[in-house]
Amino acid sequence: MYGVANLDTVLAMYGVANVGFVFPLGLIELVLLYSWVLTLILLPVQAGVQLWTAAHLTATPILLTYYFQYDATRTLPHRFLDPVRSRIGLGTVVILLLGGLVAWPVYAVFGGLLLVVRFGPRLFTLDALLQLVRGLAVGVSALFVLYFVLASLAIVIVQSRRSFR
């Protein structure tokens, strides 16, 4: 389950980071911009959850399906994702309901298609993976990376502070 959540997050991040290269701004692109913002907010939450669960060697919940796996009368296993007890959980549920349930998979598929179009059958070779990592390191804005890292670490810090209470 951990590998699937990682791949989904990486593909969605790649799609979000490269959406400006494919679409010029127009009316349909404003809808893409709305979904881009939703995905941009959800990605660090998912990454923070992945960091937290990796540090504690537990299964990583995928935010797209997490709230549908449990009964509404039971307490959720991750308290910081519980919308009743946590603002992060409430914000996550609201963003998912505002369109994040659709936007995230769209950008994950978009990122996957971009990778297939760019690299083709040599996608899984070591040379292509090195070129992809170099391209992400050079092509992705430092501000985007800074936002992603700081927001993900903020989720981990909030979770660690809540676990001591």
# chains A, B, ... in the order shown; residues from 1 in each chain; ligands from 1
$ residues_around --residues "A:Trp104" --least-positions-apart "2" --cutoff "12 Å" --atoms "only C-alpha atoms" --output "PyMOL selection string"
chain A and resi 8-16+32+34-43+46+62-65+95-102+106-111
$ closest_residue --among "A:Ala47, A:Val31, A:Ala17, A:Arg74" --to "A:Leu153" --atoms "only C-alpha atoms"
A:Ala47
$ closest_residue --among "A:Leu132, A:Ile88, A:Ala59, A:Leu126" --to "A:Leu114" --atoms "only C-alpha atoms"
A:Leu132
$ select_by_dssp --residues "chain A" --states "alpha helix (DSSP H)" --output "PyMOL selection string"
chain A and resi 2-17+19-22+27-55+63-66+87-95+101-119+126-139+142-163
$ closest_residue --among "A:Ala151, A:Tyr70, A:Val116, A:Leu146" --to "A:Leu51" --atoms "only C-alpha atoms"
A:Ala151
$ atom_distance --atom1 "atom CA of A:Val45" --atom2 "atom CA of A:Gly135"
24.2 Å
$ residues_around --residues "stretch 77-79 of chain A" --least-positions-apart "4" --cutoff "10 Å" --atoms "only C-alpha atoms" --output "list in words"
Val49, Thr53, Pro61, Tyr66, Tyr70, Pro83, Val84, Arg85, Ser86, Ile88, Gly89, Gln159, Arg162 and Ser163 of chain A
$ atom_distance --atom1 "atom CA of A:Pro44" --atom2 "atom CA of A:Val149"
7.4 Å
$ residues_around --residues "A:Ala55" --least-positions-apart "5" --cutoff "12 Å" --atoms "only C-alpha atoms" --output "number ranges by chain"
A: 48-50, 60, 156, 159-160
$ closest_residue --among "A:Thr125, A:Asp82, A:Thr73, A:Ala103" --to "A:Leu33" --atoms "only C-alpha atoms"
A:Ala103
$ atom_distance --atom1 "atom CA of A:Phe68" --atom2 "atom CA of A:Trp52"
20.8 Å
